[in-house]
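S.K.: So I've got this file, protein_7.txt, and it contains compact mmCIF, C-alpha atoms and all ligand atoms:
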# COMPACT_ATOMS: atom_id res chain seq x y z
CA MET A 323 23.98 -23.60 74.25
CA ASN A 324 23.47 -26.16 76.97
CA LEU A 325 20.16 -27.30 78.36
CA ASN A 326 20.88 -28.16 81.98
CA ILE A 327 17.90 -30.04 83.25
CA GLY A 328 16.54 -30.43 86.75
CA MET A 329 13.65 -32.59 87.91
CA ILE A 330 11.53 -32.73 91.05
CA GLY A 331 9.86 -36.11 91.56
CA THR A 332 11.56 -39.25 90.25
CA GLY A 333 8.57 -41.61 90.37
CA SER A 334 6.88 -43.39 87.45
CA ILE A 335 6.47 -40.46 85.11
CA GLY A 336 9.72 -38.77 86.15
CA LEU A 337 11.57 -41.89 84.98
CA VAL A 338 9.65 -41.98 81.69
CA HIS A 339 10.83 -38.41 81.03
CA LEU A 340 14.41 -39.27 81.99
CA LEU A 341 14.29 -42.24 79.63
CA SER A 342 12.95 -40.01 76.84
CA LEU A 343 15.68 -37.43 77.45
CA LYS A 344 18.31 -40.17 77.36
CA LYS A 345 17.02 -41.35 73.98
CA ILE A 346 17.08 -37.77 72.64
CA GLN A 347 20.72 -37.52 73.81
CA GLU A 348 21.76 -40.91 72.46
CA ASP A 349 20.22 -40.26 69.05
CA ASN A 350 21.82 -36.80 68.90
CA LEU A 351 18.50 -35.26 68.02
CA LEU A 352 19.47 -31.80 69.23
CA SER A 353 22.91 -31.70 67.62
CA LYS A 354 21.49 -29.95 64.53
CA HIS A 355 20.77 -27.02 66.88
CA GLY A 356 24.29 -27.24 68.34
CA VAL A 357 22.80 -27.99 71.74
CA ASN A 358 23.82 -30.46 74.43
CA ILE A 359 21.57 -31.65 77.20
CA LYS A 360 22.64 -32.68 80.62
CA ILE A 361 20.62 -33.92 83.58
CA GLN A 362 22.12 -31.60 86.15
CA GLY A 363 20.16 -32.60 89.24
CA VAL A 364 17.11 -34.53 90.42
CA ALA A 365 15.23 -34.17 93.69
CA ASP A 366 12.82 -36.48 95.47
CA ILE A 367 11.73 -36.59 99.09
CA ASP A 368 12.11 -40.38 99.01
CA GLU A 369 15.77 -41.08 99.71
CA ASN A 370 15.45 -44.78 98.82
CA LYS A 371 14.24 -43.89 95.35
CA LEU A 372 17.17 -41.55 94.86
CA ASN A 373 19.63 -44.16 96.09
CA ASN A 374 18.23 -46.75 93.67
CA LEU A 375 18.59 -44.28 90.83
CA LYS A 376 22.08 -43.30 91.95
CA ARG A 377 23.34 -46.90 92.08
CA ASN A 378 23.79 -47.37 88.31
CA ASN A 379 23.01 -43.78 87.38
CA PRO A 380 21.59 -44.79 83.96
CA TYR A 381 20.68 -41.19 83.13
CA ASN A 382 24.08 -39.68 84.02
CA VAL A 383 22.55 -37.37 86.60
CA GLU A 384 25.13 -34.95 88.00
CA TYR A 385 23.67 -34.90 91.52
CA PHE A 386 20.77 -36.24 93.59
CA THR A 387 19.13 -34.45 96.48
CA THR A 388 16.23 -34.81 98.90
CA ASN A 389 16.04 -31.02 99.04
CA PRO A 390 14.08 -29.67 96.02
CA ASP A 391 15.24 -26.12 96.91
CA GLU A 392 18.77 -27.07 95.96
CA ILE A 393 17.55 -27.76 92.40
CA ILE A 394 15.23 -24.77 92.26
CA LYS A 395 18.03 -22.40 93.29
CA ASP A 396 20.74 -24.04 91.17
CA LYS A 397 21.84 -21.27 88.78
CA LYS A 398 23.25 -23.78 86.30
CA ILE A 399 19.81 -25.34 85.71
CA ASN A 400 17.75 -23.59 83.04
CA VAL A 401 15.03 -26.21 82.40
CA MET A 402 12.92 -27.96 84.99
CA TYR A 403 10.51 -30.89 85.12
CA ILE A 404 7.77 -31.00 87.79
CA THR A 405 6.76 -34.65 88.18
CA THR A 406 5.54 -34.88 91.78
CA PRO A 407 2.04 -35.75 93.00
CA THR A 408 -0.39 -33.08 91.80
CA LYS A 409 -0.70 -31.18 95.09
CA PHE A 410 2.83 -29.80 94.74
CA HIS A 411 2.73 -28.72 91.10
CA LYS A 412 1.55 -25.15 91.60
CA ASP A 413 3.91 -24.16 94.41
CA TYR A 414 6.92 -25.66 92.70
CA TYR A 415 5.85 -24.06 89.42
CA ILE A 416 5.73 -20.59 90.91
CA ARG A 417 9.01 -20.94 92.77
CA ILE A 418 10.79 -22.28 89.69
CA ALA A 419 9.29 -19.67 87.34
CA GLU A 420 10.45 -16.95 89.74
CA GLU A 421 13.98 -18.27 89.24
CA GLY A 422 13.51 -17.70 85.47
CA LYS A 423 13.69 -21.37 84.47
CA HIS A 424 11.60 -22.94 81.70
CA ILE A 425 9.21 -25.61 82.94
CA PHE A 426 7.64 -28.87 81.89
CA CYS A 427 4.78 -29.39 84.34
CA GLU A 428 2.83 -32.63 84.52
CA LYS A 429 -0.95 -32.62 84.42
CA PRO A 430 -3.19 -32.03 86.33
CA LEU A 431 -1.78 -28.55 86.81
CA ALA A 432 -3.35 -27.59 90.12
CA PHE A 433 -6.35 -28.06 92.38
CA SER A 434 -8.30 -24.96 91.27
CA LEU A 435 -8.77 -22.69 88.28
CA GLU A 436 -7.64 -19.75 90.43
CA ASP A 437 -4.32 -21.52 91.02
CA ILE A 438 -3.84 -22.07 87.29
CA LYS A 439 -4.62 -18.41 86.60
CA GLU A 440 -1.89 -17.52 89.11
CA MET A 441 0.53 -19.85 87.28
CA ILE A 442 -0.32 -18.18 83.96
CA SER A 443 0.26 -14.73 85.38
CA VAL A 444 3.65 -15.73 86.87
CA GLU A 445 4.61 -17.33 83.56
CA LYS A 446 3.88 -14.05 81.75
CA LYS A 447 5.60 -11.89 84.35
CA GLN A 448 8.76 -14.00 84.36
CA GLY A 449 8.79 -14.60 80.58
CA VAL A 450 9.41 -18.32 81.01
CA LEU A 451 8.21 -21.07 78.65
CA THR A 452 5.91 -23.84 79.87
CA GLN A 453 4.71 -27.14 78.47
CA VAL A 454 1.96 -29.13 80.15
CA GLY A 455 2.10 -32.95 80.22
CA LEU A 456 -1.07 -33.43 78.16
CA VAL A 457 0.92 -36.01 76.30
CA LEU A 458 -1.80 -37.27 73.96
CA ARG A 459 -1.33 -34.07 71.93
CA HIS A 460 2.01 -35.61 70.91
CA CYS A 461 0.72 -39.08 70.17
CA PRO A 462 1.19 -40.17 66.51
CA ILE A 463 -1.99 -42.30 66.67
CA LEU A 464 -4.23 -39.42 67.72
CA TRP A 465 -2.37 -37.12 65.33
CA LYS A 466 -3.35 -39.54 62.53
CA LEU A 467 -6.94 -39.61 63.72
CA LYS A 468 -7.02 -35.81 63.60
CA GLN A 469 -5.54 -35.87 60.08
CA ILE A 470 -8.31 -38.26 59.01
CA LEU A 471 -10.90 -35.85 60.40
CA LEU A 472 -9.30 -32.86 58.64
CA GLU A 473 -8.65 -34.56 55.28
CA ASN A 474 -12.12 -36.11 55.01
CA ASP A 475 -14.09 -33.24 56.43
CA GLN A 476 -16.22 -32.84 53.28
CA THR A 477 -16.67 -36.53 52.42
CA PHE A 478 -17.65 -37.59 55.95
CA GLY A 479 -20.52 -35.12 55.86
CA MET A 480 -22.10 -33.65 58.93
CA ARG A 481 -20.63 -34.78 62.24
CA LEU A 482 -23.26 -36.46 64.35
CA SER A 483 -22.00 -38.01 67.56
CA PHE A 484 -19.06 -39.52 69.47
CA ILE A 485 -18.27 -41.93 72.27
CA PHE A 486 -15.03 -41.73 74.25
CA ARG A 487 -14.35 -44.43 76.83
CA ASP A 488 -11.35 -44.34 79.16
CA ALA A 489 -11.03 -47.41 81.42
CA GLN A 490 -8.10 -47.91 83.76
CA GLU A 491 -7.34 -50.26 86.64
CA TRP A 492 -7.50 -48.34 89.93
CA PRO A 493 -4.03 -46.77 90.01
CA ILE A 494 -3.33 -47.73 93.61
CA GLY A 495 -0.80 -50.52 94.07
CA SER A 496 -1.72 -51.70 90.58
CA ARG A 497 0.48 -53.04 87.83
CA ILE A 498 0.40 -49.71 86.03
CA HIS A 499 0.59 -47.28 88.92
CA PRO A 500 2.09 -48.47 92.17
CA SER A 501 1.18 -45.10 93.74
CA GLU A 502 -0.49 -44.56 97.11
CA TRP A 503 -1.02 -40.80 96.87
CA ARG A 504 -3.77 -41.20 94.23
CA LYS A 505 -6.20 -42.38 96.92
CA ASP A 506 -5.62 -39.31 99.10
CA PRO A 507 -7.68 -36.24 98.12
CA SER A 508 -5.23 -33.92 99.89
CA LEU A 509 -2.54 -35.04 97.40
CA ALA A 510 -4.55 -36.01 94.30
CA HIS A 511 -7.57 -33.70 94.71
CA ALA A 512 -9.91 -35.94 92.68
CA GLY A 513 -10.22 -39.27 90.91
CA CYS A 514 -10.55 -40.79 87.45
CA LEU A 515 -11.87 -37.73 85.65
CA PHE A 516 -9.37 -35.22 87.04
CA GLU A 517 -6.33 -37.49 87.26
CA HIS A 518 -6.72 -39.57 84.09
CA SER A 519 -9.53 -38.48 81.81
CA ILE A 520 -8.19 -34.93 81.78
CA HIS A 521 -6.35 -36.35 78.76
CA ASP A 522 -9.66 -37.29 77.12
CA VAL A 523 -11.31 -33.96 77.87
CA ASP A 524 -8.26 -32.32 76.30
CA THR A 525 -8.37 -34.70 73.30
CA LEU A 526 -11.96 -33.63 72.65
CA GLU A 527 -10.73 -30.04 72.44
CA TYR A 528 -7.81 -31.15 70.23
CA PHE A 529 -10.14 -32.97 67.80
CA PHE A 530 -13.24 -30.84 67.81
CA GLY A 531 -12.51 -27.51 69.55
CA ASN A 532 -11.59 -25.62 66.38
CA ASP A 533 -14.65 -26.55 64.32
CA SER A 534 -17.41 -25.59 66.63
CA LYS A 535 -17.39 -24.60 70.26
CA LEU A 536 -18.43 -26.85 73.09
CA SER A 537 -21.59 -25.19 74.35
CA LYS A 538 -23.19 -27.40 77.05
CA LEU A 539 -22.48 -30.36 79.26
CA PHE A 540 -24.27 -32.59 81.70
CA ALA A 541 -22.32 -34.91 84.01
CA LYS A 542 -22.92 -37.70 86.49
CA ILE A 543 -20.01 -38.50 88.78
CA ARG A 544 -19.99 -41.50 91.15
CA TYR A 545 -17.87 -42.19 94.21
CA VAL A 546 -17.87 -45.94 94.71
CA SER A 547 -14.57 -47.44 95.84
CA PRO A 548 -13.94 -48.26 99.52
CA LEU A 549 -10.24 -47.71 98.69
CA THR A 550 -10.83 -43.99 99.14
CA GLN A 551 -13.80 -44.16 101.52
CA LYS A 552 -15.72 -42.89 98.47
CA ARG A 553 -13.82 -39.60 98.50
CA LEU A 554 -12.52 -39.74 94.90
CA GLU A 555 -14.63 -40.45 91.85
CA ASP A 556 -14.28 -43.75 90.04
CA VAL A 557 -17.04 -43.23 87.50
CA ALA A 558 -17.65 -40.10 85.47
CA THR A 559 -20.01 -39.75 82.55
CA ILE A 560 -20.28 -36.49 80.66
CA LYS A 561 -22.66 -35.62 77.86
CA PHE A 562 -21.27 -32.89 75.59
CA GLU A 563 -23.09 -30.64 73.14
CA TYR A 564 -21.40 -28.39 70.59
CA GLU A 565 -22.77 -25.26 68.92
CA ASP A 566 -23.32 -27.12 65.61
CA GLY A 567 -25.49 -29.76 67.31
CA PHE A 568 -22.70 -32.40 67.52
CA VAL A 569 -23.28 -34.46 70.68
CA GLY A 570 -21.34 -37.17 72.46
CA ASN A 571 -20.40 -38.95 75.65
CA LEU A 572 -17.25 -39.45 77.67
CA ILE A 573 -17.14 -42.33 80.11
CA SER A 574 -14.29 -42.48 82.57
CA ILE A 575 -13.81 -45.55 84.81
CA TRP A 576 -11.44 -46.75 87.49
CA ASN A 577 -12.20 -50.31 88.55
CA LYS A 578 -10.46 -53.54 89.50
CA VAL A 579 -10.05 -54.87 85.97
CA ARG A 580 -6.50 -55.22 84.66
CA MET A 581 -6.90 -52.80 81.84
CA ASP A 582 -5.63 -49.42 80.69
CA GLU A 583 -7.32 -48.71 77.39
CA ARG A 584 -9.40 -46.22 75.54
CA ARG A 585 -12.03 -46.50 72.82
CA ILE A 586 -13.02 -43.65 70.53
CA GLU A 587 -15.90 -43.77 68.07
CA ILE A 588 -16.93 -40.80 65.95
CA PHE A 589 -19.99 -40.95 63.71
CA PHE A 590 -20.73 -38.79 60.67
CA GLU A 591 -23.55 -38.55 58.16
CA LYS A 592 -21.59 -40.73 55.70
CA GLY A 593 -19.00 -42.53 57.78
CA TYR A 594 -17.32 -43.32 61.07
CA VAL A 595 -13.91 -43.58 62.74
CA VAL A 596 -13.17 -46.24 65.36
CA LEU A 597 -10.04 -46.50 67.49
CA ASP A 598 -10.21 -49.36 69.94
CA GLY A 599 -7.83 -50.77 72.55
CA TYR A 600 -5.82 -47.55 72.37
CA THR A 601 -3.06 -47.17 74.97
CA GLY A 602 -1.09 -44.18 73.73
CA PHE A 603 1.52 -46.61 72.34
CA SER A 604 -0.64 -49.01 70.34
CA PHE A 605 -4.17 -50.06 69.44
CA LYS A 606 -6.21 -53.17 68.66
CA LYS A 607 -8.29 -51.68 65.88
CA PHE A 608 -8.14 -48.38 64.01
CA GLU A 609 -10.36 -47.96 60.97
CA TYR A 610 -12.59 -45.49 59.24
CA LEU A 611 -15.37 -45.85 56.77
CA ILE A 612 -16.57 -43.41 54.14
CA GLY A 613 -19.59 -44.53 52.16
CA ARG A 614 -18.73 -48.20 51.48
CA LYS A 615 -14.96 -47.82 51.64
CA LYS A 616 -13.31 -49.03 54.81
CA THR A 617 -9.68 -48.16 55.57
CA ARG A 618 -7.67 -50.00 58.24
CA LEU A 619 -4.61 -48.36 59.72
CA LYS A 620 -1.33 -49.95 60.77
CA LEU A 621 0.78 -48.69 63.65
CA ASN A 622 4.17 -48.82 61.87
CA GLU A 623 2.80 -46.85 58.92
CA ILE A 624 1.40 -44.20 61.24
CA ILE A 625 4.72 -43.86 63.10
CA ASN A 626 6.63 -43.56 59.81
CA GLU A 627 4.23 -40.91 58.54
CA TYR A 628 4.54 -39.00 61.80
CA LEU A 629 8.37 -39.13 61.74
CA LYS A 630 8.31 -37.81 58.17
CA GLU A 631 5.86 -35.05 59.09
CA LYS A 632 8.10 -33.99 62.01
CA ASP A 633 11.22 -34.26 59.84
CA LEU A 634 12.73 -36.88 62.15
CA PRO A 635 15.08 -39.73 61.22
CA GLN A 636 13.99 -43.40 61.39
CA ILE A 637 14.06 -43.89 65.15
CA THR A 638 12.21 -46.17 67.52
CA PRO A 639 10.49 -43.87 69.98
CA SER A 640 10.65 -46.33 72.89
CA THR A 641 8.64 -44.08 75.24
CA GLY A 642 6.03 -43.40 72.54
CA PRO A 643 4.26 -40.05 72.86
CA TYR A 644 6.41 -39.11 75.89
CA PHE A 645 9.44 -39.17 73.65
CA PHE A 646 7.79 -36.79 71.18
CA GLU A 647 6.50 -34.41 73.85
CA ASN A 648 9.98 -34.15 75.39
CA LEU A 649 11.62 -33.51 72.03
CA HIS A 650 9.05 -30.84 71.23
CA PHE A 651 9.55 -29.19 74.62
CA LEU A 652 13.34 -28.97 74.29
CA GLU A 653 13.21 -27.79 70.68
CA SER A 654 10.70 -25.08 71.61
CA ILE A 655 13.06 -23.82 74.30
CA ILE A 656 16.00 -23.83 71.92
CA LYS A 657 13.96 -21.86 69.36
CA GLU A 658 12.50 -19.64 72.12
CA GLU A 659 8.99 -20.53 70.95
CA LYS A 660 5.94 -21.20 73.09
CA PRO A 661 5.77 -24.97 73.68
CA TYR A 662 2.57 -26.85 72.96
CA PRO A 663 0.38 -27.52 74.82
CA GLY A 664 0.85 -24.61 77.17
CA LEU A 665 -0.88 -23.50 80.35
CA GLU A 666 -3.89 -22.00 78.53
CA ILE A 667 -4.73 -25.34 76.92
CA GLY A 668 -4.32 -26.99 80.32
CA TYR A 669 -6.61 -24.37 81.85
CA LYS A 670 -9.34 -25.15 79.32
CA ALA A 671 -9.31 -28.88 80.19
CA HIS A 672 -9.48 -28.04 83.90
CA GLU A 673 -12.34 -25.61 83.27
CA ILE A 674 -14.41 -28.30 81.51
CA ILE A 675 -13.71 -30.77 84.32
CA GLU A 676 -14.70 -28.26 87.01
CA LEU A 677 -17.93 -27.64 85.14
CA ALA A 678 -18.58 -31.39 85.00
CA TYR A 679 -18.23 -31.69 88.79
CA GLN A 680 -20.59 -28.74 89.20
CA SER A 681 -23.11 -30.19 86.76
CA SER A 682 -23.15 -33.48 88.65
CA ARG A 683 -23.46 -31.80 92.05
CA GLU A 684 -26.29 -29.55 90.91
CA ASN A 685 -27.87 -32.15 88.62
CA LYS A 686 -28.03 -29.50 85.91
CA ILE A 687 -27.09 -28.98 82.27
CA LEU A 688 -24.45 -26.23 82.28
CA SER A 689 -23.45 -23.84 79.52
CA LEU A 690 -19.91 -22.85 78.64
CA ASN A 691 -19.09 -19.22 77.99
N1 LIG B 701 1.06 -37.26 81.50
C1 LIG B 701 0.92 -38.52 81.87
O1 LIG B 701 0.66 -39.39 81.07
C2 LIG B 701 1.13 -38.88 83.31
C3 LIG B 701 1.31 -40.22 83.67
C4 LIG B 701 1.52 -40.52 85.01
C5 LIG B 701 1.52 -39.49 85.95
N2 LIG B 701 1.30 -38.21 85.58
C6 LIG B 701 1.29 -37.13 86.58
O2 LIG B 701 2.61 -36.98 87.10
C7 LIG B 701 2.58 -36.73 88.49
C8 LIG B 701 3.37 -37.82 89.21
O3 LIG B 701 2.76 -39.08 89.00
P1 LIG B 701 3.58 -40.46 89.15
O4 LIG B 701 2.73 -41.52 88.60
O5 LIG B 701 4.95 -40.30 88.60
O6 LIG B 701 3.65 -40.59 90.73
P2 LIG B 701 4.73 -41.39 91.57
O7 LIG B 701 4.16 -41.61 92.91
O8 LIG B 701 5.19 -42.59 90.81
O9 LIG B 701 5.97 -40.37 91.67
C9 LIG B 701 5.92 -39.17 92.39
C10 LIG B 701 7.31 -38.93 92.99
O10 LIG B 701 7.30 -37.66 93.64
C11 LIG B 701 7.95 -37.79 94.92
N3 LIG B 701 7.42 -36.75 95.79
C12 LIG B 701 6.28 -36.76 96.52
N4 LIG B 701 6.11 -35.59 97.14
C13 LIG B 701 7.16 -34.81 96.79
C14 LIG B 701 7.55 -33.48 97.11
N5 LIG B 701 6.79 -32.70 97.88
N6 LIG B 701 8.70 -33.00 96.60
C15 LIG B 701 9.48 -33.78 95.80
N7 LIG B 701 9.17 -35.04 95.46
C16 LIG B 701 8.01 -35.55 95.94
C17 LIG B 701 7.62 -39.20 95.37
O11 LIG B 701 8.55 -39.67 96.32
C18 LIG B 701 7.68 -39.97 94.06
O12 LIG B 701 8.97 -40.46 93.78
C19 LIG B 701 1.10 -36.68 88.86
O13 LIG B 701 0.66 -35.36 88.86
C20 LIG B 701 0.42 -37.46 87.76
O14 LIG B 701 -0.91 -37.05 87.54
C21 LIG B 701 1.14 -37.89 84.28
Please rewrite the model in this file as structure tokens.

M.R.:
Amino acid sequence: MNLNIGMIGTGSIGLVHLLSLKKIQEDNLLSKHGVNIKIQGVADIDENKLNNLKRNNPYNVEYFTTNPDEIIKDKKINVMYITTPTKFHKDYYIRIAEEGKHIFCEKPLAFSLEDIKEMISVEKKQGVLTQVGLVLRHCPILWKLKQILLENDQTFGMRLSFIFRDAQEWPIGSRIHPSEWRKDPSLAHAGCLFEHSIHDVDTLEYFFGNDSKLSKLFAKIRYVSPLTQKRLEDVATIKFEYEDGFVGNLISIWNKVRMDERRIEIFFEKGYVVLDGYTGFSFKKFEYLIGRKKTRLKLNEIINEYLKEKDLPQITPSTGPYFFENLHFLESIIKEEKPYPGLEIGYKAHEIIELAYQSSRENKILSLN
């Protein structure tokens, strides 16, 4: 079997996926399945970007095109990556799914819940497999945090409250994101909550969604930056309440501080967990306390534990969680299993975010069904 891969959008995240795929190839991680991968074709509307990529061709791409249709219609390609600005995700998704190709689609999925429902129905009709780029679900550090929650469920006692903080430098012309489209609502749809903290809203579901359902939320969203003529939010605060009384806050910020970090604090009757300075790849502090016993975690130990858990050899996952999400996606396709997270999980995160916008607009506490 050959996985012949196509990609639309070779910007920042497109390259991170290409780098991850290269590492999977170089380390022969799919050879146990008797599968080869090949980057068949990549498309981007920016010819300069394609030419730069073509020059040394570090990913051994078979061909480059400014016409995405060429890739979509290429019968040799059976797996596609959608890594364009958000506006284009849905249309490309539907056109690619109609060609029967499996799809990795970056988050956010689309501009409305109706659009995501349409994507889900096309996925079902065409019988294709989809993974959504909610990459933190494949992050060893958050995996470890979830293990701590599961393993110490009884000893922590009742869960009381949490604080999630996601702070990122405005991703326009910044060190992290040199993009321009993120300031244009017709391409990005919305700001820090939709574009970035969708990961945090999803992480809340990943950590807490199985224990007790999210029941209510109350949000305040602010539109401050002149960069966007105040059209995209740069502050979002959401208060969450779960059926068991667990309450907490998410704060999402875009500002002009050179920073791209998260902080998570979870408090229990008899303990707490703190993860600070978390970037997806590393952290400054990760510890938990039960009674009087404090445990500090080390990054290399977490990675080793994760590799063991996933039955992987001693590798250095240079693209961190992106490496693991790509490996999971390809292995799911090989095994013809539903990749994780899929469109339904993506839909849930979008649903919570839509409710937060509504809550802020109407200045109301809203209930979830
Ligand atoms: N999961 C994550 O951690 C993560 C991280 C970054 C970005 N993203 C998501 O990935 C998507 C892309 O973000 P990015 O940071 O790579 O942006 P980017 O601007 O760096 O790259 C986007 C690329 O798409 C190309 N493009 C624009 N319109 C196109 C079209 N109609 N057809 C084909 N190509 C087109 C651009 O020329 C550019 O090369 C966004 O939806 C973003 O939210 C996800």

S.K.: Mind listing the residues within 7 Å of ligand LIG 701 (chain B), all atoms listed in the file counted, as a ChimeraX atom specification?

M.R.: /A:330-336,365-368,371,390,405-408,410,428-430,455-457,499-503,517

S.K.: Quick one: residues within 10 Å of stretch 615-620 of chain A, all atoms listed in the file counted, chain neighbours fewer than 4 positions away excluded, as a PyMOL selection string?

M.R.: chain A and resi 463+466-467+593-597+604-611+624-625

S.K.: Find the residue from A:Lys505, A:Arg481, A:His521, A:His411 that sits nearest to A:Gly567; use only C-alpha atoms when measuring.

M.R.: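 Closest to A:Gly567, using only C-alpha atoms: A:Arg481.
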
S.K.: Assuming 3 Å of padding per side, give the centre and edge lengths of the axis-aligned box around every listed atom of stretch 477-483 of chain A, in Å to one decimal and as AutoDock Vina command-line options.

M.R.:
--center_x -20.0 --center_y -35.8 --center_z 60.0 --size_x 12.6 --size_y 10.4 --size_z 21.1

S.K.: Write out as a list of chain:residue names which residues come within 12 Å of A:Gln680 when counting all atoms listed in the file, dropping same-chain ones fewer than 2 positions away.

M.R.: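 Once the nearby chain positions are removed, what remains is A:Leu539, A:Phe540, A:Ala541, A:Lys542, A:Ile543, A:Ile560, A:Glu673, A:Ile674, A:Ile675, A:Glu676, A:Leu677, A:Ala678, A:Ser682, A:Arg683, A:Glu684, A:Asn685, A:Lys686, A:Ile687, A:Leu688, A:Ser689.
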
S.K.: Would you kindly return, as a list in words, each protein, DNA or RNA residue with an atom no farther than 9 Å from any atom of A:Ile586, considering all atoms listed in the file and excluding same-chain residues fewer than 5 positions away?

M.R.: Phe484, Ile485, Phe486, Arg487, Asp488, Val595, Val596, Leu597, Asp598 and Tyr600 of chain A

S.K.: Which value, in Å to one decimal, gives the distance between atom CA of A:Ile637 and atom CA of A:Glu527?

M.R.: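 Separation between atom CA of A:Ile637 and atom CA of A:Glu527: 29.3 Å.
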
S.K.: Would you compute the distance between atom CA of A:Phe589 and atom CA of A:Ser537? Give it in Å to one decimal.

M.R.: 19.1 Å

S.K.: When you draw a straight line from atom CA of A:Asp475 to atom CA of A:Tyr528, how long is it in Å?

M.R.: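 Between these atoms lies a distance of 15.3 Å.
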
S.K.: May I ask which of the residues A:Tyr669, A:Leu482, A:Val364, A:Ile656 is the closest one to A:Glu436, counting all atoms listed in the file?

M.R.: A:Tyr669

S.K.: Pick from A:Thr452, A:Ser342, A:Ser534, A:Gln551: nearest to A:Ser654, with only C-alpha atoms counted?

M.R.: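 The shortest atom-to-atom distance to A:Ser654 comes from A:Thr452.
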
S.K.: What's around A:Leu649 at 10 Å? Count all atoms listed in the file, leave out sequence neighbours fewer than 6 positions away in its own chain, and write the answer as a list in words.

M.R.: Ser342, Leu343, Lys345, Ile346, Leu351, Leu352, His460 and Pro643 of chain A

S.K.: Taking only C-alpha atoms into account, name the residue in A:Tyr662, A:Tyr545, A:Trp465, A:Phe433 that is nearest to A:Asp413.

M.R.: A:Phe433

S.K.: May I ask which of the residues A:Thr388, A:Asn400, A:Asn350, A:Ser483 is the closest one to A:Met323, counting only C-alpha atoms?

M.R.: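 The shortest atom-to-atom distance to A:Met323 comes from A:Asn400.
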
S.K.: Output: stretch 455-459 of chain A of the preceding structure, restricted to all heavy atoms, written as a JSON list (two decimals), in the first residue's frame.

M.R.:
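Done, and the output landed in part-v7.json:
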[["chain", "number", "residue", "atom", "x", "y", "z"],
["A", 455, "GLY", "N", -7.18, 19.09, 13.05],
["A", 455, "GLY", "CA", -5.90, 19.53, 13.62],
["A", 455, "GLY", "C", -5.98, 20.07, 15.04],
["A", 455, "GLY", "O", -5.32, 21.06, 15.35],
["A", 456, "LEU", "N", -6.79, 19.43, 15.89],
["A", 456, "LEU", "CA", -6.80, 19.83, 17.32],
["A", 456, "LEU", "C", -5.64, 19.09, 17.97],
["A", 456, "LEU", "O", -5.79, 18.08, 18.67],
["A", 456, "LEU", "CB", -8.14, 19.49, 17.94],
["A", 456, "LEU", "CG", -9.27, 20.42, 17.46],
["A", 456, "LEU", "CD1", -10.65, 19.88, 17.81],
["A", 456, "LEU", "CD2", -9.10, 21.84, 18.03],
["A", 457, "VAL", "N", -4.47, 19.64, 17.70],
["A", 457, "VAL", "CA", -3.21, 18.93, 17.93],
["A", 457, "VAL", "C", -2.92, 18.64, 19.41],
["A", 457, "VAL", "O", -2.20, 17.70, 19.73],
["A", 457, "VAL", "CB", -2.05, 19.73, 17.28],
["A", 457, "VAL", "CG1", -1.90, 21.10, 17.92],
["A", 457, "VAL", "CG2", -0.74, 18.99, 17.34],
["A", 458, "LEU", "N", -3.51, 19.44, 20.31],
["A", 458, "LEU", "CA", -3.17, 19.23, 21.73],
["A", 458, "LEU", "C", -3.66, 17.88, 22.24],
["A", 458, "LEU", "O", -3.19, 17.39, 23.26],
["A", 458, "LEU", "CB", -3.69, 20.38, 22.59],
["A", 458, "LEU", "CG", -3.14, 21.77, 22.23],
["A", 458, "LEU", "CD1", -3.54, 22.79, 23.28],
["A", 458, "LEU", "CD2", -1.63, 21.76, 22.05],
["A", 459, "ARG", "N", -4.59, 17.26, 21.49],
["A", 459, "ARG", "CA", -5.02, 15.89, 21.86],
["A", 459, "ARG", "C", -3.91, 14.87, 21.62],
["A", 459, "ARG", "O", -4.04, 13.72, 22.02],
["A", 459, "ARG", "CB", -6.27, 15.51, 21.08],
["A", 459, "ARG", "CG", -7.48, 16.34, 21.47],
["A", 459, "ARG", "CD", -8.72, 15.51, 21.57],
["A", 459, "ARG", "NE", -9.86, 16.32, 21.95],
["A", 459, "ARG", "CZ", -10.90, 15.85, 22.63],
["A", 459, "ARG", "NH1", -10.95, 14.59, 22.98],
["A", 459, "ARG", "NH2", -11.90, 16.64, 22.95]]
